[in-house]
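Printed here is run31.pdb (PDB, C-alpha atoms):
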ATOM      1  CA  MET A   1      12.048 -25.667  60.696
ATOM      2  CA  LYS A   2      12.059 -25.493  56.900
ATOM      3  CA  SER A   3      15.765 -26.392  56.851
ATOM      4  CA  ASP A   4      15.405 -29.561  58.932
ATOM      5  CA  PHE A   5      15.944 -31.648  55.812
ATOM      6  CA  LEU A   6      19.565 -30.415  55.702
ATOM      7  CA  ASN A   7      20.518 -33.341  57.875
ATOM      8  CA  PRO A   8      24.321 -33.819  57.949
ATOM      9  CA  ARG A   9      23.816 -37.496  57.162
ATOM     10  CA  PHE A  10      21.782 -36.644  54.044
ATOM     11  CA  LEU A  11      24.425 -34.128  52.987
ATOM     12  CA  ARG A  12      27.210 -36.699  53.364
ATOM     13  CA  TYR A  13      25.247 -39.202  51.263
ATOM     14  CA  PHE A  14      24.596 -36.555  48.594
ATOM     15  CA  ILE A  15      28.269 -35.513  48.454
ATOM     16  CA  LYS A  16      29.426 -39.118  48.155
ATOM     17  CA  VAL A  17      27.044 -39.782  45.255
ATOM     18  CA  ALA A  18      28.269 -36.602  43.567
ATOM     19  CA  ASP A  19      31.915 -37.576  44.067
ATOM     20  CA  LEU A  20      31.486 -41.153  42.794
ATOM     21  CA  GLY A  21      28.711 -40.570  40.256
ATOM     22  CA  SER A  22      26.774 -43.640  41.345
ATOM     23  CA  LEU A  23      24.310 -44.709  44.023
ATOM     24  CA  VAL A  24      25.777 -48.219  44.023
ATOM     25  CA  SER A  25      29.351 -46.970  44.469
ATOM     26  CA  ALA A  26      28.278 -44.581  47.217
ATOM     27  CA  SER A  27      26.431 -47.403  48.969
ATOM     28  CA  LYS A  28      29.510 -49.631  48.964
ATOM     29  CA  ASP A  29      31.871 -46.855  50.024
ATOM     30  CA  LEU A  30      29.658 -45.723  52.916
ATOM     31  CA  ASN A  31      28.541 -49.255  53.827
ATOM     32  CA  VAL A  32      24.954 -48.017  53.750
ATOM     33  CA  SER A  33      22.027 -49.596  51.906
ATOM     34  CA  GLN A  34      21.313 -48.148  48.475
ATOM     35  CA  PRO A  35      17.628 -47.422  49.291
ATOM     36  CA  SER A  36      18.753 -45.268  52.232
ATOM     37  CA  ILE A  37      20.989 -43.183  49.993
ATOM     38  CA  THR A  38      18.330 -42.959  47.282
ATOM     39  CA  ARG A  39      15.795 -41.784  49.850
ATOM     40  CA  ALA A  40      18.179 -39.124  51.191
ATOM     41  CA  VAL A  41      18.693 -37.699  47.687
ATOM     42  CA  GLN A  42      14.937 -37.752  47.052
ATOM     43  CA  ILE A  43      14.258 -35.877  50.303
ATOM     44  CA  LEU A  44      16.811 -33.203  49.397
ATOM     45  CA  GLU A  45      15.436 -32.773  45.865
ATOM     46  CA  SER A  46      11.835 -32.709  47.101
ATOM     47  CA  ASN A  47      12.480 -30.036  49.731
ATOM     48  CA  LEU A  48      14.651 -27.911  47.445
ATOM     49  CA  GLY A  49      12.248 -28.268  44.549
ATOM     50  CA  LYS A  50      15.211 -28.837  42.241
ATOM     51  CA  LYS A  51      16.780 -31.790  40.460
ATOM     52  CA  LEU A  52      20.290 -32.197  41.855
ATOM     53  CA  PHE A  53      21.415 -34.901  39.439
ATOM     54  CA  SER A  54      20.968 -35.721  35.768
ATOM     55  CA  ARG A  55      20.813 -39.486  35.390
ATOM     56  CA  SER A  56      22.043 -41.565  32.445
ATOM     57  CA  LYS A  57      23.552 -44.958  31.680
ATOM     58  CA  LYS A  58      26.973 -43.439  32.344
ATOM     59  CA  GLY A  59      26.007 -42.506  35.885
ATOM     60  CA  MET A  60      24.801 -39.499  37.853
ATOM     61  CA  LYS A  61      26.053 -36.004  37.146
ATOM     62  CA  LEU A  62      25.341 -32.827  39.100
ATOM     63  CA  THR A  63      22.963 -30.334  37.521
ATOM     64  CA  LYS A  64      23.704 -26.603  37.727
ATOM     65  CA  GLU A  65      21.579 -26.423  40.881
ATOM     66  CA  GLY A  66      23.287 -29.561  42.158
ATOM     67  CA  GLN A  67      26.719 -27.970  41.757
ATOM     68  CA  LEU A  68      25.640 -24.972  43.846
ATOM     69  CA  PHE A  69      24.083 -27.221  46.503
ATOM     70  CA  TYR A  70      27.260 -29.352  46.545
ATOM     71  CA  LEU A  71      29.311 -26.263  47.392
ATOM     72  CA  ASN A  72      26.878 -25.226  50.130
ATOM     73  CA  SER A  73      26.698 -28.774  51.532
ATOM     74  CA  LYS A  74      30.465 -28.806  51.895
ATOM     75  CA  ALA A  75      30.324 -25.459  53.690
ATOM     76  CA  ILE A  76      27.629 -26.692  56.109
ATOM     77  CA  LEU A  77      29.556 -29.848  57.019
ATOM     78  CA  SER A  78      32.796 -27.888  57.368
ATOM     79  CA  TYR A  79      31.098 -25.453  59.717
ATOM     80  CA  ASN A  80      29.737 -28.319  61.818
ATOM     81  CA  GLU A  81      33.212 -29.813  62.091
ATOM     82  CA  LYS A  82      34.633 -26.440  63.074
ATOM     83  CA  VAL A  83      32.071 -26.015  65.845
ATOM     84  CA  TYR A  84      32.920 -29.436  67.252
ATOM     85  CA  GLU A  85      36.639 -28.749  66.990
ATOM     86  CA  ASN A  86      36.353 -25.411  68.794
ATOM     87  CA  ILE A  87      34.302 -26.903  71.628
ATOM     88  CA  SER A  88      36.383 -30.053  72.090
ATOM     89  CA  GLN A  89      39.806 -28.403  71.870
ATOM     90  CA  PRO A  90      41.465 -27.339  75.129
ATOM     91  CA  GLU A  91      42.170 -23.638  75.523
ATOM     92  CA  LEU A  92      45.328 -22.450  73.838
ATOM     93  CA  LYS A  93      47.657 -19.764  75.001
ATOM     94  CA  GLU A  94      46.920 -16.492  73.216
ATOM     95  CA  GLN A  95      50.312 -16.284  71.519
ATOM     96  CA  LYS A  96      50.087 -19.791  70.104
ATOM     97  CA  GLN A  97      46.497 -19.213  69.057
ATOM     98  CA  GLU A  98      47.405 -16.096  67.100
ATOM     99  CA  GLU A  99      50.161 -17.957  65.238
ATOM    100  CA  GLU A 100      47.761 -20.663  64.047
ATOM    101  CA  TYR A 101      44.972 -18.429  62.787
ATOM    102  CA  LEU A 102      44.417 -17.250  59.236
ATOM    103  CA  ARG A 103      42.707 -13.854  59.507
ATOM    104  CA  PHE A 104      39.990 -13.239  56.917
ATOM    105  CA  GLY A 105      37.544 -10.333  56.714
ATOM    106  CA  MET A 106      34.028 -10.330  55.247
ATOM    107  CA  PRO A 107      31.549  -7.426  54.981
ATOM    108  CA  ARG A 108      28.471  -7.653  57.183
ATOM    109  CA  SER A 109      26.382  -6.912  54.101
ATOM    110  CA  LEU A 110      27.584  -9.974  52.169
ATOM    111  CA  SER A 111      24.796 -12.494  51.527
ATOM    112  CA  THR A 112      24.691 -15.700  53.564
ATOM    113  CA  SER A 113      25.162 -17.840  50.451
ATOM    114  CA  HIS A 114      28.273 -15.900  49.505
ATOM    115  CA  LYS A 115      29.658 -16.268  53.021
ATOM    116  CA  GLU A 116      29.059 -20.016  53.077
ATOM    117  CA  ASN A 117      30.773 -20.476  49.724
ATOM    118  CA  LEU A 118      33.755 -18.365  50.743
ATOM    119  CA  LEU A 119      34.116 -20.269  54.015
ATOM    120  CA  TRP A 120      34.099 -23.552  52.129
ATOM    121  CA  ILE A 121      36.932 -22.327  49.891
ATOM    122  CA  LEU A 122      38.949 -21.277  52.931
ATOM    123  CA  LYS A 123      38.358 -24.532  54.772
ATOM    124  CA  ARG A 124      39.190 -26.626  51.721
ATOM    125  CA  ASN A 125      42.460 -24.800  51.090
ATOM    126  CA  TYR A 126      43.556 -24.352  54.705
ATOM    127  CA  GLU A 127      42.631 -27.712  56.219
ATOM    128  CA  ASN A 128      45.407 -27.613  58.825
ATOM    129  CA  LYS A 129      44.938 -24.003  59.812
ATOM    130  CA  LYS A 130      42.447 -22.338  62.092
ATOM    131  CA  ILE A 131      40.514 -19.497  60.499
ATOM    132  CA  ARG A 132      39.499 -16.306  62.269
ATOM    133  CA  ILE A 133      36.604 -14.566  60.538
ATOM    134  CA  VAL A 134      36.130 -10.840  61.113
ATOM    135  CA  GLU A 135      32.850  -9.282  59.972
ATOM    136  CA  GLU A 136      32.837  -5.499  59.712
ATOM    137  CA  GLU A 137      31.889  -2.678  57.375
ATOM    138  CA  SER A 138      33.982  -2.611  54.199
ATOM    139  CA  ASN A 139      35.782   0.588  55.109
ATOM    140  CA  THR A 140      36.874  -0.937  58.427
ATOM    141  CA  LEU A 141      38.052  -4.096  56.647
ATOM    142  CA  ASN A 142      40.115  -2.007  54.236
ATOM    143  CA  LYS A 143      41.805  -0.345  57.197
ATOM    144  CA  LEU A 144      42.446  -3.639  59.022
ATOM    145  CA  VAL A 145      44.085  -5.176  55.946
ATOM    146  CA  PHE A 146      46.242  -2.077  55.478
ATOM    147  CA  GLU A 147      47.314  -2.230  59.139
ATOM    148  CA  ASN A 148      48.125  -5.941  58.653
ATOM    149  CA  LYS A 149      45.553  -6.951  61.260
ATOM    150  CA  LEU A 150      43.908  -9.121  58.591
ATOM    151  CA  ASP A 151      45.699 -11.306  56.048
ATOM    152  CA  PHE A 152      43.096 -10.561  53.383
ATOM    153  CA  ALA A 153      39.442  -9.627  53.050
ATOM    154  CA  ILE A 154      36.438  -9.183  50.807
ATOM    155  CA  SER A 155      35.462  -5.530  50.423
ATOM    156  CA  CYS A 156      32.447  -3.864  48.801
ATOM    157  CA  ILE A 157      33.931  -0.361  48.685
ATOM    158  CA  PRO A 158      36.721   0.369  46.145
ATOM    159  CA  GLU A 159      38.500   3.001  48.225
ATOM    160  CA  PHE A 160      41.864   1.488  49.069
ATOM    161  CA  HIS A 161      45.276   2.594  50.206
ATOM    162  CA  LYS A 162      47.837   2.529  47.403
ATOM    163  CA  ASP A 163      49.792  -0.221  49.193
ATOM    164  CA  LEU A 164      46.876  -2.657  48.987
ATOM    165  CA  THR A 165      46.337  -5.033  46.079
ATOM    166  CA  LYS A 166      42.746  -5.430  44.927
ATOM    167  CA  VAL A 167      41.248  -8.087  42.657
ATOM    168  CA  PHE A 168      37.817  -7.366  41.190
ATOM    169  CA  LEU A 169      35.399 -10.262  41.737
ATOM    170  CA  TYR A 170      31.814  -9.299  41.037
ATOM    171  CA  ASN A 171      29.216  -6.559  40.472
ATOM    172  CA  ASP A 172      26.210  -6.820  42.771
ATOM    173  CA  PRO A 173      23.320  -4.510  41.751
ATOM    174  CA  PHE A 174      21.232  -2.729  44.356
ATOM    175  CA  CYS A 175      17.490  -3.317  44.330
ATOM    176  CA  VAL A 176      14.515  -2.240  46.415
ATOM    177  CA  ALA A 177      13.006  -5.031  48.521
ATOM    178  CA  PHE A 178       9.399  -4.831  49.729
ATOM    179  CA  TYR A 179       6.631  -6.908  51.287
ATOM    180  CA  LYS A 180       3.866  -8.834  49.526
ATOM    181  CA  GLY A 181       1.018  -6.591  48.432
ATOM    182  CA  HIS A 182       3.130  -3.422  48.239
ATOM    183  CA  HIS A 183       2.406  -1.281  45.172
ATOM    184  CA  PHE A 184       6.001  -1.757  43.971
ATOM    185  CA  GLN A 185       4.954  -5.311  43.119
ATOM    186  CA  ASN A 186       3.069  -3.985  40.070
ATOM    187  CA  MET A 187       6.111  -2.098  38.716
ATOM    188  CA  LYS A 188       8.962  -3.536  36.632
ATOM    189  CA  GLU A 189      11.573  -1.099  37.923
ATOM    190  CA  ILE A 190      11.594   1.555  40.650
ATOM    191  CA  PRO A 191      13.119   5.054  40.319
ATOM    192  CA  ILE A 192      15.000   6.161  43.433
ATOM    193  CA  ASP A 193      12.692   9.191  43.766
ATOM    194  CA  GLU A 194       9.749   6.787  44.205
ATOM    195  CA  ILE A 195      11.591   4.994  47.001
ATOM    196  CA  ARG A 196      12.225   8.316  48.751
ATOM    197  CA  LYS A 197       8.445   8.844  48.919
ATOM    198  CA  GLU A 198       7.989   5.700  51.000
ATOM    199  CA  PRO A 199       6.905   6.571  54.570
ATOM    200  CA  ASN A 200       8.655   3.586  56.193
ATOM    201  CA  TYR A 201      12.262   2.662  55.475
ATOM    202  CA  ILE A 202      14.416  -0.123  56.986
ATOM    203  CA  PHE A 203      17.724   1.631  57.672
ATOM    204  CA  ARG A 204      20.911  -0.478  57.619
ATOM    205  CA  ARG A 205      24.103   1.259  58.628
ATOM    206  CA  THR A 206      26.217  -1.415  56.920
ATOM    207  CA  CYS A 207      24.654  -0.859  53.485
ATOM    208  CA  GLU A 208      27.160   0.476  50.942
ATOM    209  CA  PHE A 209      24.401   2.107  48.892
ATOM    210  CA  PHE A 210      24.901   5.412  50.725
ATOM    211  CA  TYR A 211      28.547   5.447  49.659
ATOM    212  CA  TYR A 212      27.834   4.723  45.984
ATOM    213  CA  ASN A 213      24.868   7.088  45.775
ATOM    214  CA  TYR A 214      26.759   9.941  47.460
ATOM    215  CA  LYS A 215      29.780   9.438  45.234
ATOM    216  CA  LEU A 216      27.599   9.371  42.110
ATOM    217  CA  THR A 217      25.602  12.471  42.994
ATOM    218  CA  HIS A 218      28.730  14.409  44.033
ATOM    219  CA  LYS A 219      30.772  13.120  41.073
ATOM    220  CA  GLY A 220      34.064  12.653  42.801
ATOM    221  CA  LYS A 221      36.254  10.862  45.274
ATOM    222  CA  LEU A 222      34.893  10.743  48.768
ATOM    223  CA  ASP A 223      36.352  10.588  52.240
ATOM    224  CA  TYR A 224      34.435   7.769  53.911
ATOM    225  CA  LYS A 225      34.311   9.815  57.134
ATOM    226  CA  ILE A 226      31.699  11.992  55.408
ATOM    227  CA  ILE A 227      29.450   8.979  54.984
ATOM    228  CA  ASN A 228      29.917   7.993  58.625
ATOM    229  CA  ASN A 229      28.982  11.516  59.724
ATOM    230  CA  ILE A 230      25.858  11.477  57.558
ATOM    231  CA  VAL A 231      24.815   8.092  58.938
ATOM    232  CA  ASP A 232      25.552   9.110  62.538
ATOM    233  CA  GLU A 233      23.438  12.240  62.169
ATOM    234  CA  ARG A 234      20.632  10.238  60.630
ATOM    235  CA  ILE A 235      20.607   7.787  63.527
ATOM    236  CA  LYS A 236      21.074  10.482  66.181
ATOM    237  CA  HIS A 237      18.221  12.704  65.056
ATOM    238  CA  GLY A 238      16.014  10.010  63.537
ATOM    239  CA  LYS A 239      14.434  10.537  60.144
ATOM    240  CA  HIS A 240      10.668  10.065  60.314
ATOM    241  CA  ARG A 241      10.687   7.485  57.512
ATOM    242  CA  ASP A 242      13.293   5.229  59.200
ATOM    243  CA  VAL A 243      11.221   2.789  61.257
ATOM    244  CA  ILE A 244      14.039   0.278  61.860
ATOM    245  CA  TYR A 245      17.787   0.769  62.484
ATOM    246  CA  THR A 246      19.881  -2.400  62.236
ATOM    247  CA  ASN A 247      23.301  -3.720  61.183
ATOM    248  CA  SER A 248      21.874  -7.157  60.427
ATOM    249  CA  GLU A 249      20.809  -8.230  56.928
ATOM    250  CA  THR A 250      18.801 -11.050  58.526
ATOM    251  CA  THR A 251      16.871  -8.688  60.799
ATOM    252  CA  ALA A 252      16.272  -6.219  57.970
ATOM    253  CA  SER A 253      14.964  -8.990  55.717
ATOM    254  CA  HIS A 254      12.540 -10.239  58.370
ATOM    255  CA  CYS A 255      11.311  -6.667  58.913
ATOM    256  CA  ILE A 256      10.695  -6.243  55.181
ATOM    257  CA  LYS A 257       8.811  -9.553  54.951
ATOM    258  CA  THR A 258       6.560  -8.660  57.863
ATOM    259  CA  GLY A 259       5.563  -5.356  56.231
ATOM    260  CA  LEU A 260       7.404  -2.873  58.445
ATOM    261  CA  GLY A 261       8.937  -1.078  55.487
ATOM    262  CA  VAL A 262      11.084  -1.237  52.354
ATOM    263  CA  ALA A 263      14.835  -1.009  51.825
ATOM    264  CA  ILE A 264      17.465  -0.648  49.138
ATOM    265  CA  ILE A 265      19.690  -3.716  49.480
ATOM    266  CA  PRO A 266      22.095  -5.774  47.352
ATOM    267  CA  GLU A 267      20.261  -8.072  44.962
ATOM    268  CA  SER A 268      22.194 -11.105  46.232
ATOM    269  CA  VAL A 269      20.779 -10.510  49.741
ATOM    270  CA  ALA A 270      17.222 -10.174  48.398
ATOM    271  CA  ILE A 271      17.597 -13.462  46.525
ATOM    272  CA  ASP A 272      19.134 -15.142  49.561
ATOM    273  CA  TYR A 273      16.200 -14.247  51.822
ATOM    274  CA  LYS A 274      13.580 -14.831  49.104
ATOM    275  CA  LEU A 275      12.383 -11.230  49.223
ATOM    276  CA  LEU A 276      10.218  -9.532  46.630
ATOM    277  CA  PHE A 277      12.349  -6.949  44.844
ATOM    278  CA  ARG A 278      12.665  -4.771  41.770
ATOM    279  CA  GLU A 279      15.566  -3.092  40.007
ATOM    280  CA  VAL A 280      16.443   0.413  41.172
ATOM    281  CA  VAL A 281      16.756   2.930  38.321
ATOM    282  CA  LYS A 282      17.416   6.626  37.739
ATOM    283  CA  PRO A 283      20.130   5.874  38.565
ATOM    284  CA  SER A 284      20.938   2.171  38.557
ATOM    285  CA  ILE A 285      23.716   1.491  41.057
ATOM    286  CA  LYS A 286      25.895  -1.571  41.554
ATOM    287  CA  ARG A 287      28.422  -2.286  44.291
ATOM    288  CA  ASP A 288      31.864  -3.603  43.357
ATOM    289  CA  ILE A 289      33.123  -6.593  45.307
ATOM    290  CA  TYR A 290      36.897  -6.995  45.648
ATOM    291  CA  PHE A 291      39.406  -9.346  47.219
ATOM    292  CA  ILE A 292      42.115  -7.257  48.939
ATOM    293  CA  TYR A 293      45.467  -7.974  50.576
ATOM    294  CA  ARG A 294      48.907  -6.531  51.221
ATOM    295  CA  ASP A 295      51.626  -7.641  48.793
ATOM    296  CA  GLU A 296      53.642  -9.056  51.669
ATOM    297  CA  ASN A 297      50.798 -11.491  52.391
ATOM    298  CA  LYS A 298      50.527 -12.764  48.829
ATOM    299  CA  ASP A 299      52.293 -16.033  49.719
ATOM    300  CA  LYS A 300      49.526 -16.788  52.231
ATOM    301  CA  ILE A 301      46.949 -16.990  49.429
ATOM    302  CA  ASN A 302      46.541 -20.709  48.917
ATOM    303  CA  PHE A 303      43.799 -20.609  46.260
ATOM    304  CA  ASP A 304      43.087 -19.279  42.784
ATOM    305  CA  THR A 305      41.112 -16.040  42.908
ATOM    306  CA  LYS A 306      38.929 -17.521  40.148
ATOM    307  CA  ALA A 307      37.479 -19.736  42.877
ATOM    308  CA  LEU A 308      36.387 -16.598  44.730
ATOM    309  CA  LYS A 309      34.699 -15.248  41.611
ATOM    310  CA  ASN A 310      32.849 -18.527  41.139
ATOM    311  CA  ALA A 311      31.761 -18.481  44.784
ATOM    312  CA  LEU A 312      30.200 -15.029  44.377
ATOM    313  CA  TRP A 313      28.682 -15.657  40.961
ATOM    314  CA  LEU A 314      25.474 -17.398  42.049
TER     315      LEU A 314
END

Using structure tokens, write down the structure from this file.
Amino acid sequence: MKSDFLNPRFLRYFIKVADLGSLVSASKDLNVSQPSITRAVQILESNLGKKLFSRSKKGMKLTKEGQLFYLNSKAILSYNEKVYENISQPELKEQKQEEEYLRFGMPRSLSTSHKENLLWILKRNYENKKIRIVEEESNTLNKLVFENKLDFAISCIPEFHKDLTKVFLYNDPFCVAFYKGHHFQNMKEIPIDEIRKEPNYIFRRTCEFFYYNYKLTHKGKLDYKIINNIVDERIKHGKHRDVIYTNSETTASHCIKTGLGVAIIPESVAIDYKLLFREVVKPSIKRDIYFIYRDENKDKINFDTKALKNALWL
């Protein structure tokens, strides 16, 4: 696999060098030979195709790419620890289990990189607490937070109950993703009308584009049930241009790469899966990403929301 170089041992060596700013210090702290640590860093940089450290007489400092990889490395190791903990722990009674969990919601359409960074923030700030992750459509997450079935969540649809607090985090533009050799590759930007002419479309129920496009074209507030009805009808009767129906960004991305069709998706997802893409215009549409919670759960927030913004600003 292309990701085999993300060996936990290499990641631990890399993190230690980043924390101490020195190969020698990391070697002493880990009780590992310096050549072994140097080799691990070289393997990571070679496979990523990026310099992770800038080197000087004062020591080693993370580059911009190194800072991003540091955050992701932490998330990977935290996930590995969580898997081990869940498997090795004896079963808990349901009531006790519920008391120990922090309940956090994330949209299915959020990019993998964003999810990893958010999970790292949660793990770092709630080390002694189990975390229950719920992945749903944004509208469902909004409802679950309002009903106090989630402590807080990330949402990509700004339609909230008045009793919910929302903190704006990031704008994520929509783009059209396509396969290598498609005629879109020769265009700098793609009007939506051109995308509608495409015979094969990868349909993703979880995509918020339908919400934003409908709201823009109808110039007003929208009951999300209307969107659900439109989507249900589309799936039930089957539009001829929809060759794939999926709720998975991963599946959709693989379908696009293999030439089954094109899709309008968030730019962050296209970047994450290394897809070819172009900006969507006439109109250009961006989704708004928010952090939401009930006021009564404010005391449970054990981190600065600036950290969330940094995690989403890749």

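What the PyMOL selection byres ((chain A and resi 140-157) around 7) matches in the given file is Leu102, Arg103, Phe104, Gly105, Met106, Pro107, Glu136, Glu137, Ser138, Asn139, Pro158, Glu159, Phe160, Leu164, Arg287, Asp288, Ile289, Tyr290, Phe291, Ile292, Tyr293, Arg294 and Asn297 of chain A.
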
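Nearest residue to A:Val167, choosing from A:Lys28, A:Lys16, A:Lys306, A:Lys257 and counting only C-alpha atoms: A:Lys306.
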
The PyMOL selection byres ((chain A and resi 180) around 9) resolved against shown file, as a list in words: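 On the file shown, the PyMOL selection byres ((chain A and resi 180) around 9) covers Phe178, Tyr179, Gly181, His182, His183, Gln185, Lys257, Thr258, Gly259, Leu275 and Leu276 of chain A.
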
Could you list, as a list of chain:residue names, every residue within 8 Å of stretch 60-69 of chain A, counting all atoms listed in the file and ignoring same-chain residues fewer than 5 positions away? A:Val17, A:Ala18, A:Gly21, A:Ser22, A:Lys50, A:Lys51, A:Leu52, A:Phe53, A:Ser54, A:Arg55, A:Leu314

Please save C-alpha atoms of the selected residues as an mmCIF file, in the frame of the given file.
data_model
loop_
_atom_site.group_PDB
_atom_site.id
_atom_site.type_symbol
_atom_site.label_atom_id
_atom_site.label_comp_id
_atom_site.auth_asym_id
_atom_site.auth_seq_id
_atom_site.Cartn_x
_atom_site.Cartn_y
_atom_site.Cartn_z
ATOM 1 C CA VAL A 17 27.044 -39.782 45.255
ATOM 2 C CA ALA A 18 28.269 -36.602 43.567
ATOM 3 C CA GLY A 21 28.711 -40.570 40.256
ATOM 4 C CA SER A 22 26.774 -43.640 41.345
ATOM 5 C CA LYS A 50 15.211 -28.837 42.241
ATOM 6 C CA LYS A 51 16.780 -31.790 40.460
ATOM 7 C CA LEU A 52 20.290 -32.197 41.855
ATOM 8 C CA PHE A 53 21.415 -34.901 39.439
ATOM 9 C CA SER A 54 20.968 -35.721 35.768
ATOM 10 C CA ARG A 55 20.813 -39.486 35.390
ATOM 11 C CA LEU A 314 25.474 -17.398 42.049
#

Which of these, A:Gln34, A:Thr165, A:Ser111, A:Asn125, has the shortest distance to A:Ser253 once you count all atoms listed in the file?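 Comparing A:Gln34, A:Thr165, A:Ser111, A:Asn125 against A:Ser253, the winner is A:Ser111.
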
Go through A:Ile265, A:Leu308, A:Ile256, A:Ile301 one by one, measure the shortest atom-to-atom distance of each to A:Val280 using only C-alpha atoms, and give the residue with the smallest value. A:Ile265

Polymer residues at most 10 Å from (29.6, -7.0, 41.0) by all atoms listed in the file, as an MDAnalysis selection string: chainID A and resid 156 168:174 266 268 286:290 309 312:313

Long-range neighbours of A:Phe277 as a PDB file with C-alpha atoms, in the frame of the given file, 9 Å cut-off, only C-alpha atoms, 5 positions minimum in chain:
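See part15.pdb below for the written result:
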ATOM      1  CA  CYS A 175      17.490  -3.317  44.330  1.00  0.00           C
ATOM      2  CA  VAL A 176      14.515  -2.240  46.415  1.00  0.00           C
ATOM      3  CA  ALA A 177      13.006  -5.031  48.521  1.00  0.00           C
ATOM      4  CA  PHE A 178       9.399  -4.831  49.729  1.00  0.00           C
ATOM      5  CA  TYR A 179       6.631  -6.908  51.287  1.00  0.00           C
ATOM      6  CA  PHE A 184       6.001  -1.757  43.971  1.00  0.00           C
ATOM      7  CA  GLN A 185       4.954  -5.311  43.119  1.00  0.00           C
ATOM      8  CA  GLU A 267      20.261  -8.072  44.962  1.00  0.00           C
ATOM      9  CA  ALA A 270      17.222 -10.174  48.398  1.00  0.00           C
ATOM     10  CA  ILE A 271      17.597 -13.462  46.525  1.00  0.00           C
TER      11      ILE A 271
END

Just so the selection is clear, what residues does the PyMOL selection byres ((chain A and resi 192) around 8) cover here, as a PyMOL selection string? chain A and resi 190-191+193-196+280-283

At what distance in Å, to one decimal, does atom CA of A:Asn128 lie from atom CA of A:Glu296?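 A separation of 21.5 Å between them.
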
To one decimal place, how far is atom CA of A:Tyr273 from atom CA of A:Ser248 in Å?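 Going from atom CA of A:Tyr273 over to atom CA of A:Ser248 covers 12.5 Å.
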
Which distance in Å separates atom CA of A:Glu135 and atom CA of A:Thr251, to one decimal?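 Distance reported for this atom pair: 16.0 Å.
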
Sphere at (44.9, -28.5, 57.5), radius 12 Å, counting all atoms listed in the file: residues as a list in words: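 Here is the list of nearby residues: Lys82, Glu100, Tyr101, Leu102, Leu122, Lys123, Arg124, Asn125, Tyr126, Glu127, Asn128, Lys129, Lys130, Ile131 and Asn302 of chain A.
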
Between A:Ser78, A:Thr217, A:Gln42, A:Asn117, which residue has the minimum interatomic distance to A:Asn310, considering all atoms listed in the file?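 Of the candidates, the smallest distance to A:Asn310 is held by A:Asn117.
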
Counting only C-alpha atoms, which of A:Ile43, A:Ile285, A:Ile202, A:Met187 gets nearest to A:Lys215?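 Selected residue with least distance to A:Lys215: A:Ile285.
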
When distances are computed from only C-alpha atoms, which of A:Tyr211, A:Asn200, A:Glu279, A:Ser284 shows the smallest separation from A:Ala263? A:Asn200

Could you pull the residues within 7 Å of A:Ser109, counting only C-alpha atoms, minus those fewer than 3 positions along the same chain, as number ranges by chain? A: 206-207, 249
